[in-house]
Amino acid sequence: MNLEHGSNSVKMAVMPTKATKATKATKATKAKRPERRTDALSKERIVEAAIEILDSQGESALTFRALAAQLSTGSGAIYWHVDHKDELLAAATDHVIARVLTEVGARAKPRDAIRAVALGVFDAIDAHPWVGAQLSRQPWRSAMGQLFESVGGRVQSLGVPRRAQFAAASALVAYILGVAGQNAANARLLPHGTDRTTFLATMAARWTQQDPAKYPFVQQVSKQLQDHDDREQFLAGLDLILSGIAGVTTK
């Protein structure tokens, strides 16, 4: 009896208990899980991570799962700050436009400030093409209001009569977003690594091959197409609109 009891005692000592198995399983599970952030997750950090995904992979790649993986957190932590993808896209757009307007700051001359805002937005949409799409898709969002206020306030400072202020501000905002958005769209259509100079030379050559009787103007400006700078051309068009607005103030 004593020997048999002792034998059982030995067996019991070497056999792992259920508690031991559960502990090992828990440790193994923890080892497989990715490390999570120990610092507080803010909406600003979520928006910045979303912008990184949008810039590098495009709008279709922005999911809460991808965002959670990038932030090393759970989707629930993100939903605490943002309800859905549309809200996240709007917040990211607001962030980009607000940064542009903040960098412009206060300038002495309203015309200079409008040019700075316009060029800042142009460069921002060039760097973040999805911003232009968001602004045109949801023009009632905060970013559009910020831009319209920034431009419209300076239109008032130019001395434009009240009756013409809405039309003037609308023309400027439409030009800024339209040209900036088209420029960004054109860049996305070209294969990665396309040489701009070569591409424009090819386009200019095609223009010169058009029937001069039907396309005399196209023939005339084909050389300018080949040599133009996008930002300079954008500002030249903006100055034409500003000159027209200046003419309104003298009437």
# chains A, B, ... in the order shown; residues from 1 in each chain; ligands from 1
call {"tool": "residues_around", "arguments": {"residues": "Lys223 of chain A", "least_positions_apart": "6", "cutoff": "12 Å", "atoms": "only C-alpha atoms", "output": "mmCIF file with C-alpha atoms, in the first residue's frame"}}
result
data_model
loop_
_atom_site.group_PDB
_atom_site.id
_atom_site.type_symbol
_atom_site.label_atom_id
_atom_site.label_comp_id
_atom_site.auth_asym_id
_atom_site.auth_seq_id
_atom_site.Cartn_x
_atom_site.Cartn_y
_atom_site.Cartn_z
ATOM 1 C CA LEU A 200 5.092 67.253 -71.865
ATOM 2 C CA ALA A 201 7.331 67.181 -74.931
ATOM 3 C CA THR A 202 5.300 64.249 -76.247
ATOM 4 C CA MET A 203 2.040 66.081 -75.568
ATOM 5 C CA ALA A 204 3.323 69.231 -77.282
ATOM 6 C CA ALA A 205 4.357 67.195 -80.312
ATOM 7 C CA ARG A 206 0.848 65.767 -80.550
ATOM 8 C CA TRP A 207 -0.616 69.263 -80.383
ATOM 9 C CA THR A 208 1.565 70.437 -83.262
ATOM 10 C CA PHE A 217 -4.530 78.399 -80.884
#
call {"tool": "residues_around", "arguments": {"residues": "segment 147-149 of chain A", "least_positions_apart": "2", "cutoff": "10 Å", "atoms": "only C-alpha atoms", "output": "list in words"}}
result
Asp94, Ile97, Ala98, Val100, Leu101, Val117, Ala118, Val121, Ser142, Ala143, Met144, Gly145, Val151, Gly152, Gly153, Arg154, Val155, Phe166, Ala169, Ser170, Leu172, Val173 and Ala174 of chain A
call {"tool": "residues_around", "arguments": {"residues": "Phe234 of chain A", "least_positions_apart": "3", "cutoff": "9 Å", "atoms": "only C-alpha atoms", "output": "ChimeraX atom specification"}}
result
/A:118-119,122,176,179-180,229-231,237-239
call {"tool": "closest_residue", "arguments": {"among": "A:Gln70, A:Gln182, A:Ser243, A:Thr197", "to": "Ile53 of chain A", "atoms": "only C-alpha atoms"}}
result
A:Gln70
call {"tool": "atom_distance", "arguments": {"atom1": "atom CA of Gln138 of chain A", "atom2": "atom CA of Glu87 of chain A"}}
result
11.0 Å
call {"tool": "atom_distance", "arguments": {"atom1": "atom CA of Ala133 of chain A", "atom2": "atom CA of Val47 of chain A"}}
result
17.3 Å
call {"tool": "select_by_dssp", "arguments": {"residues": "segment 46-113 of chain A", "states": "alpha helix (DSSP H)", "output": "PyMOL selection string"}}
result
chain A and resi 46-57+64-71+75-79+85-104+110-113
call {"tool": "write_last_selection", "arguments": {"atoms": "N, CA and C atoms", "output": "short mmCIF file (atom, residue, chain, number, x, y, z; two decimals), in the first residue's frame"}}
result
data_model
loop_
_atom_site.label_atom_id
_atom_site.label_comp_id
_atom_site.auth_asym_id
_atom_site.auth_seq_id
_atom_site.Cartn_x
_atom_site.Cartn_y
_atom_site.Cartn_z
N ILE A 46 -4.67 59.44 -34.19
CA ILE A 46 -5.43 58.61 -35.12
C ILE A 46 -5.48 59.27 -36.49
N VAL A 47 -5.75 60.57 -36.53
CA VAL A 47 -5.84 61.31 -37.79
C VAL A 47 -4.49 61.31 -38.51
N GLU A 48 -3.42 61.52 -37.78
CA GLU A 48 -2.09 61.53 -38.40
C GLU A 48 -1.76 60.16 -39.00
N ALA A 49 -2.12 59.09 -38.30
CA ALA A 49 -1.89 57.74 -38.83
C ALA A 49 -2.75 57.50 -40.07
N ALA A 50 -3.98 58.01 -40.06
CA ALA A 50 -4.87 57.87 -41.22
C ALA A 50 -4.28 58.58 -42.43
N ILE A 51 -3.71 59.76 -42.21
CA ILE A 51 -3.10 60.52 -43.31
C ILE A 51 -1.93 59.74 -43.90
N GLU A 52 -1.15 59.09 -43.07
CA GLU A 52 -0.02 58.29 -43.56
C GLU A 52 -0.51 57.16 -44.47
N ILE A 53 -1.59 56.50 -44.07
CA ILE A 53 -2.14 55.41 -44.88
C ILE A 53 -2.72 55.96 -46.18
N LEU A 54 -3.45 57.06 -46.11
CA LEU A 54 -4.05 57.66 -47.30
C LEU A 54 -2.98 58.09 -48.30
N ASP A 55 -1.90 58.67 -47.81
CA ASP A 55 -0.83 59.14 -48.69
C ASP A 55 -0.08 57.98 -49.34
N SER A 56 0.16 56.93 -48.59
CA SER A 56 1.00 55.84 -49.09
C SER A 56 0.22 54.78 -49.85
N GLN A 57 -1.06 54.56 -49.49
CA GLN A 57 -1.80 53.44 -50.08
C GLN A 57 -3.13 53.82 -50.70
N PHE A 64 -10.42 50.53 -40.46
CA PHE A 64 -10.15 50.60 -39.03
C PHE A 64 -9.19 49.48 -38.60
N ARG A 65 -9.24 48.37 -39.30
CA ARG A 65 -8.31 47.28 -39.00
C ARG A 65 -6.88 47.69 -39.34
N ALA A 66 -6.68 48.30 -40.53
CA ALA A 66 -5.34 48.74 -40.92
C ALA A 66 -4.85 49.84 -39.98
N LEU A 67 -5.74 50.71 -39.58
CA LEU A 67 -5.39 51.79 -38.68
C LEU A 67 -5.01 51.25 -37.30
N ALA A 68 -5.77 50.27 -36.83
CA ALA A 68 -5.47 49.66 -35.54
C ALA A 68 -4.11 48.98 -35.56
N ALA A 69 -3.79 48.32 -36.67
CA ALA A 69 -2.49 47.65 -36.79
C ALA A 69 -1.35 48.67 -36.78
N GLN A 70 -1.55 49.78 -37.47
CA GLN A 70 -0.50 50.81 -37.53
C GLN A 70 -0.28 51.46 -36.17
N LEU A 71 -1.37 51.61 -35.42
CA LEU A 71 -1.28 52.25 -34.11
C LEU A 71 -1.01 51.27 -32.97
N SER A 75 -9.44 48.07 -32.46
CA SER A 75 -10.40 48.91 -33.18
C SER A 75 -11.30 49.67 -32.22
N GLY A 76 -11.59 49.05 -31.08
CA GLY A 76 -12.46 49.70 -30.10
C GLY A 76 -11.91 51.03 -29.61
N ALA A 77 -10.59 51.08 -29.46
CA ALA A 77 -9.95 52.33 -29.01
C ALA A 77 -10.12 53.43 -30.04
N ILE A 78 -10.14 53.06 -31.32
CA ILE A 78 -10.31 54.04 -32.39
C ILE A 78 -11.76 54.50 -32.45
N TYR A 79 -12.70 53.54 -32.31
CA TYR A 79 -14.12 53.89 -32.34
C TYR A 79 -14.50 54.81 -31.18
N LYS A 85 -15.66 55.71 -41.09
CA LYS A 85 -14.62 56.11 -42.02
C LYS A 85 -14.84 57.51 -42.59
N ASP A 86 -16.10 57.85 -42.90
CA ASP A 86 -16.37 59.18 -43.46
C ASP A 86 -15.95 60.28 -42.48
N GLU A 87 -16.21 60.05 -41.21
CA GLU A 87 -15.80 61.03 -40.20
C GLU A 87 -14.28 61.13 -40.14
N LEU A 88 -13.61 60.00 -40.29
CA LEU A 88 -12.15 59.98 -40.26
C LEU A 88 -11.57 60.72 -41.47
N LEU A 89 -12.15 60.50 -42.64
CA LEU A 89 -11.70 61.20 -43.85
C LEU A 89 -11.91 62.71 -43.72
N ALA A 90 -13.04 63.09 -43.16
CA ALA A 90 -13.32 64.52 -42.96
C ALA A 90 -12.33 65.13 -41.98
N ALA A 91 -12.02 64.40 -40.92
CA ALA A 91 -11.07 64.91 -39.92
C ALA A 91 -9.67 65.04 -40.52
N ALA A 92 -9.29 64.09 -41.36
CA ALA A 92 -7.98 64.15 -42.00
C ALA A 92 -7.91 65.33 -42.97
N THR A 93 -8.99 65.57 -43.71
CA THR A 93 -9.04 66.70 -44.63
C THR A 93 -8.99 68.02 -43.88
N ASP A 94 -9.77 68.11 -42.80
CA ASP A 94 -9.75 69.31 -41.97
C ASP A 94 -8.34 69.59 -41.45
N HIS A 95 -7.64 68.54 -41.04
CA HIS A 95 -6.30 68.67 -40.48
C HIS A 95 -5.33 69.26 -41.51
N VAL A 96 -5.39 68.76 -42.74
CA VAL A 96 -4.49 69.22 -43.79
C VAL A 96 -4.77 70.69 -44.14
N ILE A 97 -6.04 71.03 -44.33
CA ILE A 97 -6.39 72.40 -44.71
C ILE A 97 -6.11 73.37 -43.56
N ALA A 98 -6.42 72.97 -42.34
CA ALA A 98 -6.16 73.84 -41.20
C ALA A 98 -4.67 74.13 -41.05
N ARG A 99 -3.85 73.14 -41.34
CA ARG A 99 -2.40 73.33 -41.26
C ARG A 99 -1.94 74.35 -42.29
N VAL A 100 -2.50 74.29 -43.49
CA VAL A 100 -2.15 75.26 -44.53
C VAL A 100 -2.52 76.67 -44.09
N LEU A 101 -3.73 76.84 -43.60
CA LEU A 101 -4.21 78.16 -43.21
C LEU A 101 -3.45 78.71 -42.01
N THR A 102 -3.04 77.82 -41.12
CA THR A 102 -2.25 78.25 -39.97
C THR A 102 -0.87 78.73 -40.39
N GLU A 103 -0.29 78.02 -41.35
CA GLU A 103 1.06 78.39 -41.81
C GLU A 103 1.05 79.73 -42.55
N VAL A 104 -0.05 80.03 -43.22
CA VAL A 104 -0.15 81.32 -43.91
C VAL A 104 -0.18 82.45 -42.90
N PRO A 110 -3.92 91.81 -48.26
CA PRO A 110 -4.89 90.75 -48.53
C PRO A 110 -4.58 89.95 -49.80
N ARG A 111 -4.12 90.64 -50.84
CA ARG A 111 -3.81 89.94 -52.09
C ARG A 111 -2.68 88.93 -51.88
N ASP A 112 -1.65 89.33 -51.14
CA ASP A 112 -0.55 88.41 -50.85
C ASP A 112 -1.03 87.22 -50.03
N ALA A 113 -1.94 87.48 -49.10
CA ALA A 113 -2.47 86.41 -48.26
C ALA A 113 -3.28 85.42 -49.10
#
call {"tool": "decode", "arguments": {"residues": "segment 18-158 of chain A", "atoms": "C-alpha atoms", "output": "PDB file, in the first residue's frame"}}
result
ATOM      1  CA  LYS A  18      -4.901  21.780 -15.486  1.00  0.00           C
ATOM      2  CA  ALA A  19      -3.882  25.037 -13.867  1.00  0.00           C
ATOM      3  CA  THR A  20      -0.310  24.646 -15.176  1.00  0.00           C
ATOM      4  CA  LYS A  21      -1.594  23.933 -18.699  1.00  0.00           C
ATOM      5  CA  ALA A  22      -3.849  27.003 -18.598  1.00  0.00           C
ATOM      6  CA  THR A  23      -0.964  29.181 -17.445  1.00  0.00           C
ATOM      7  CA  LYS A  24       1.272  27.979 -20.269  1.00  0.00           C
ATOM      8  CA  ALA A  25      -1.508  28.479 -22.812  1.00  0.00           C
ATOM      9  CA  THR A  26      -2.080  32.023 -21.569  1.00  0.00           C
ATOM     10  CA  LYS A  27       1.614  32.827 -21.848  1.00  0.00           C
ATOM     11  CA  ALA A  28       1.747  31.394 -25.373  1.00  0.00           C
ATOM     12  CA  THR A  29      -1.269  33.474 -26.411  1.00  0.00           C
ATOM     13  CA  LYS A  30       0.258  36.622 -24.985  1.00  0.00           C
ATOM     14  CA  ALA A  31       3.488  35.931 -26.825  1.00  0.00           C
ATOM     15  CA  LYS A  32       1.646  35.783 -30.147  1.00  0.00           C
ATOM     16  CA  ARG A  33      -0.243  39.037 -29.640  1.00  0.00           C
ATOM     17  CA  PRO A  34       1.336  42.249 -30.996  1.00  0.00           C
ATOM     18  CA  GLU A  35       2.491  44.731 -28.428  1.00  0.00           C
ATOM     19  CA  ARG A  36      -0.013  47.484 -27.749  1.00  0.00           C
ATOM     20  CA  ARG A  37       0.566  51.096 -26.958  1.00  0.00           C
ATOM     21  CA  THR A  38       0.725  51.906 -23.301  1.00  0.00           C
ATOM     22  CA  ASP A  39       0.318  55.665 -23.854  1.00  0.00           C
ATOM     23  CA  ALA A  40      -3.042  57.344 -24.300  1.00  0.00           C
ATOM     24  CA  LEU A  41      -4.487  57.277 -27.815  1.00  0.00           C
ATOM     25  CA  SER A  42      -5.690  60.676 -29.011  1.00  0.00           C
ATOM     26  CA  LYS A  43      -7.835  61.637 -31.989  1.00  0.00           C
ATOM     27  CA  GLU A  44      -4.951  63.687 -33.340  1.00  0.00           C
ATOM     28  CA  ARG A  45      -2.696  60.616 -33.407  1.00  0.00           C
ATOM     29  CA  ILE A  46      -5.428  58.607 -35.118  1.00  0.00           C
ATOM     30  CA  VAL A  47      -5.839  61.306 -37.786  1.00  0.00           C
ATOM     31  CA  GLU A  48      -2.091  61.527 -38.396  1.00  0.00           C
ATOM     32  CA  ALA A  49      -1.895  57.743 -38.834  1.00  0.00           C
ATOM     33  CA  ALA A  50      -4.867  57.866 -41.222  1.00  0.00           C
ATOM     34  CA  ILE A  51      -3.099  60.518 -43.310  1.00  0.00           C
ATOM     35  CA  GLU A  52      -0.020  58.285 -43.561  1.00  0.00           C
ATOM     36  CA  ILE A  53      -2.144  55.408 -44.883  1.00  0.00           C
ATOM     37  CA  LEU A  54      -4.046  57.662 -47.302  1.00  0.00           C
ATOM     38  CA  ASP A  55      -0.828  59.138 -48.688  1.00  0.00           C
ATOM     39  CA  SER A  56       1.002  55.841 -49.091  1.00  0.00           C
ATOM     40  CA  GLN A  57      -1.797  53.437 -50.078  1.00  0.00           C
ATOM     41  CA  GLY A  58      -4.872  55.441 -51.048  1.00  0.00           C
ATOM     42  CA  GLU A  59      -8.390  55.806 -49.734  1.00  0.00           C
ATOM     43  CA  SER A  60      -9.383  52.169 -50.288  1.00  0.00           C
ATOM     44  CA  ALA A  61      -6.621  51.015 -47.925  1.00  0.00           C
ATOM     45  CA  LEU A  62      -7.911  53.098 -45.028  1.00  0.00           C
ATOM     46  CA  THR A  63      -9.801  50.681 -42.794  1.00  0.00           C
ATOM     47  CA  PHE A  64     -10.148  50.604 -39.027  1.00  0.00           C
ATOM     48  CA  ARG A  65      -8.311  47.279 -39.003  1.00  0.00           C
ATOM     49  CA  ALA A  66      -5.340  48.743 -40.915  1.00  0.00           C
ATOM     50  CA  LEU A  67      -5.388  51.793 -38.678  1.00  0.00           C
ATOM     51  CA  ALA A  68      -5.468  49.660 -35.536  1.00  0.00           C
ATOM     52  CA  ALA A  69      -2.487  47.654 -36.787  1.00  0.00           C
ATOM     53  CA  GLN A  70      -0.504  50.805 -37.532  1.00  0.00           C
ATOM     54  CA  LEU A  71      -1.278  52.253 -34.109  1.00  0.00           C
ATOM     55  CA  SER A  72      -0.729  48.924 -32.305  1.00  0.00           C
ATOM     56  CA  THR A  73      -4.126  49.132 -30.650  1.00  0.00           C
ATOM     57  CA  GLY A  74      -7.593  47.675 -30.945  1.00  0.00           C
ATOM     58  CA  SER A  75     -10.400  48.906 -33.182  1.00  0.00           C
ATOM     59  CA  GLY A  76     -12.461  49.703 -30.100  1.00  0.00           C
ATOM     60  CA  ALA A  77      -9.953  52.327 -29.006  1.00  0.00           C
ATOM     61  CA  ILE A  78     -10.308  54.044 -32.394  1.00  0.00           C
ATOM     62  CA  TYR A  79     -14.118  53.892 -32.343  1.00  0.00           C
ATOM     63  CA  TRP A  80     -13.978  55.720 -29.018  1.00  0.00           C
ATOM     64  CA  HIS A  81     -12.741  58.788 -30.935  1.00  0.00           C
ATOM     65  CA  VAL A  82     -14.157  58.277 -34.469  1.00  0.00           C
ATOM     66  CA  ASP A  83     -17.510  56.716 -35.375  1.00  0.00           C
ATOM     67  CA  HIS A  84     -16.909  55.744 -39.003  1.00  0.00           C
ATOM     68  CA  LYS A  85     -14.617  56.111 -42.022  1.00  0.00           C
ATOM     69  CA  ASP A  86     -16.369  59.181 -43.458  1.00  0.00           C
ATOM     70  CA  GLU A  87     -15.799  61.028 -40.201  1.00  0.00           C
ATOM     71  CA  LEU A  88     -12.150  59.981 -40.258  1.00  0.00           C
ATOM     72  CA  LEU A  89     -11.696  61.201 -43.846  1.00  0.00           C
ATOM     73  CA  ALA A  90     -13.324  64.516 -42.962  1.00  0.00           C
ATOM     74  CA  ALA A  91     -11.070  64.908 -39.924  1.00  0.00           C
ATOM     75  CA  ALA A  92      -7.976  64.149 -42.002  1.00  0.00           C
ATOM     76  CA  THR A  93      -9.040  66.702 -44.633  1.00  0.00           C
ATOM     77  CA  ASP A  94      -9.748  69.313 -41.965  1.00  0.00           C
ATOM     78  CA  HIS A  95      -6.297  68.675 -40.482  1.00  0.00           C
ATOM     79  CA  VAL A  96      -4.487  69.221 -43.790  1.00  0.00           C
ATOM     80  CA  ILE A  97      -6.393  72.402 -44.709  1.00  0.00           C
ATOM     81  CA  ALA A  98      -6.158  73.840 -41.196  1.00  0.00           C
ATOM     82  CA  ARG A  99      -2.398  73.331 -41.255  1.00  0.00           C
ATOM     83  CA  VAL A 100      -2.154  75.263 -44.534  1.00  0.00           C
ATOM     84  CA  LEU A 101      -4.212  78.162 -43.215  1.00  0.00           C
ATOM     85  CA  THR A 102      -2.251  78.252 -39.968  1.00  0.00           C
ATOM     86  CA  GLU A 103       1.057  78.386 -41.814  1.00  0.00           C
ATOM     87  CA  VAL A 104      -0.147  81.316 -43.913  1.00  0.00           C
ATOM     88  CA  GLY A 105      -1.065  83.253 -40.781  1.00  0.00           C
ATOM     89  CA  ALA A 106      -1.641  87.001 -40.878  1.00  0.00           C
ATOM     90  CA  ARG A 107      -0.135  88.918 -43.789  1.00  0.00           C
ATOM     91  CA  ALA A 108      -0.076  92.662 -44.364  1.00  0.00           C
ATOM     92  CA  LYS A 109      -1.679  92.689 -47.817  1.00  0.00           C
ATOM     93  CA  PRO A 110      -4.894  90.748 -48.531  1.00  0.00           C
ATOM     94  CA  ARG A 111      -3.807  89.943 -52.094  1.00  0.00           C
ATOM     95  CA  ASP A 112      -0.547  88.413 -50.855  1.00  0.00           C
ATOM     96  CA  ALA A 113      -2.467  86.408 -48.259  1.00  0.00           C
ATOM     97  CA  ILE A 114      -4.888  85.053 -50.887  1.00  0.00           C
ATOM     98  CA  ARG A 115      -1.962  84.005 -53.093  1.00  0.00           C
ATOM     99  CA  ALA A 116      -0.300  82.297 -50.126  1.00  0.00           C
ATOM    100  CA  VAL A 117      -3.501  80.436 -49.203  1.00  0.00           C
ATOM    101  CA  ALA A 118      -4.033  79.385 -52.825  1.00  0.00           C
ATOM    102  CA  LEU A 119      -0.491  78.121 -53.289  1.00  0.00           C
ATOM    103  CA  GLY A 120      -0.584  76.368 -49.901  1.00  0.00           C
ATOM    104  CA  VAL A 121      -3.758  74.515 -50.874  1.00  0.00           C
ATOM    105  CA  PHE A 122      -2.325  73.714 -54.317  1.00  0.00           C
ATOM    106  CA  ASP A 123       0.786  72.157 -52.756  1.00  0.00           C
ATOM    107  CA  ALA A 124      -1.255  70.349 -50.089  1.00  0.00           C
ATOM    108  CA  ILE A 125      -3.532  68.699 -52.649  1.00  0.00           C
ATOM    109  CA  ASP A 126      -0.497  67.826 -54.765  1.00  0.00           C
ATOM    110  CA  ALA A 127       1.000  66.065 -51.723  1.00  0.00           C
ATOM    111  CA  HIS A 128      -2.339  64.602 -50.551  1.00  0.00           C
ATOM    112  CA  PRO A 129      -4.468  63.995 -53.697  1.00  0.00           C
ATOM    113  CA  TRP A 130      -7.344  62.521 -51.663  1.00  0.00           C
ATOM    114  CA  VAL A 131      -7.925  65.944 -50.052  1.00  0.00           C
ATOM    115  CA  GLY A 132      -9.197  67.436 -53.322  1.00  0.00           C
ATOM    116  CA  ALA A 133     -11.604  64.539 -53.789  1.00  0.00           C
ATOM    117  CA  GLN A 134     -12.921  64.928 -50.249  1.00  0.00           C
ATOM    118  CA  LEU A 135     -13.496  68.663 -50.603  1.00  0.00           C
ATOM    119  CA  SER A 136     -15.450  68.214 -53.833  1.00  0.00           C
ATOM    120  CA  ARG A 137     -17.368  65.206 -52.488  1.00  0.00           C
ATOM    121  CA  GLN A 138     -18.447  66.825 -49.214  1.00  0.00           C
ATOM    122  CA  PRO A 139     -18.271  70.618 -49.637  1.00  0.00           C
ATOM    123  CA  TRP A 140     -20.302  71.213 -46.465  1.00  0.00           C
ATOM    124  CA  ARG A 141     -17.481  69.889 -44.258  1.00  0.00           C
ATOM    125  CA  SER A 142     -15.461  72.114 -41.943  1.00  0.00           C
ATOM    126  CA  ALA A 143     -12.419  72.305 -44.244  1.00  0.00           C
ATOM    127  CA  MET A 144     -14.415  74.003 -46.988  1.00  0.00           C
ATOM    128  CA  GLY A 145     -15.843  76.487 -44.529  1.00  0.00           C
ATOM    129  CA  GLN A 146     -12.353  77.287 -43.258  1.00  0.00           C
ATOM    130  CA  LEU A 147     -11.063  77.858 -46.785  1.00  0.00           C
ATOM    131  CA  PHE A 148     -14.038  79.964 -47.825  1.00  0.00           C
ATOM    132  CA  GLU A 149     -13.733  82.091 -44.677  1.00  0.00           C
ATOM    133  CA  SER A 150     -10.009  82.597 -45.208  1.00  0.00           C
ATOM    134  CA  VAL A 151     -10.438  83.687 -48.831  1.00  0.00           C
ATOM    135  CA  GLY A 152     -13.696  85.588 -48.309  1.00  0.00           C
ATOM    136  CA  GLY A 153     -12.363  87.576 -45.381  1.00  0.00           C
ATOM    137  CA  ARG A 154      -9.481  88.794 -47.509  1.00  0.00           C
ATOM    138  CA  VAL A 155     -11.841  89.591 -50.385  1.00  0.00           C
ATOM    139  CA  GLN A 156     -13.642  91.930 -47.992  1.00  0.00           C
ATOM    140  CA  SER A 157     -10.311  93.495 -47.055  1.00  0.00           C
ATOM    141  CA  LEU A 158      -9.644  94.180 -50.727  1.00  0.00           C
TER     142      LEU A 158
END
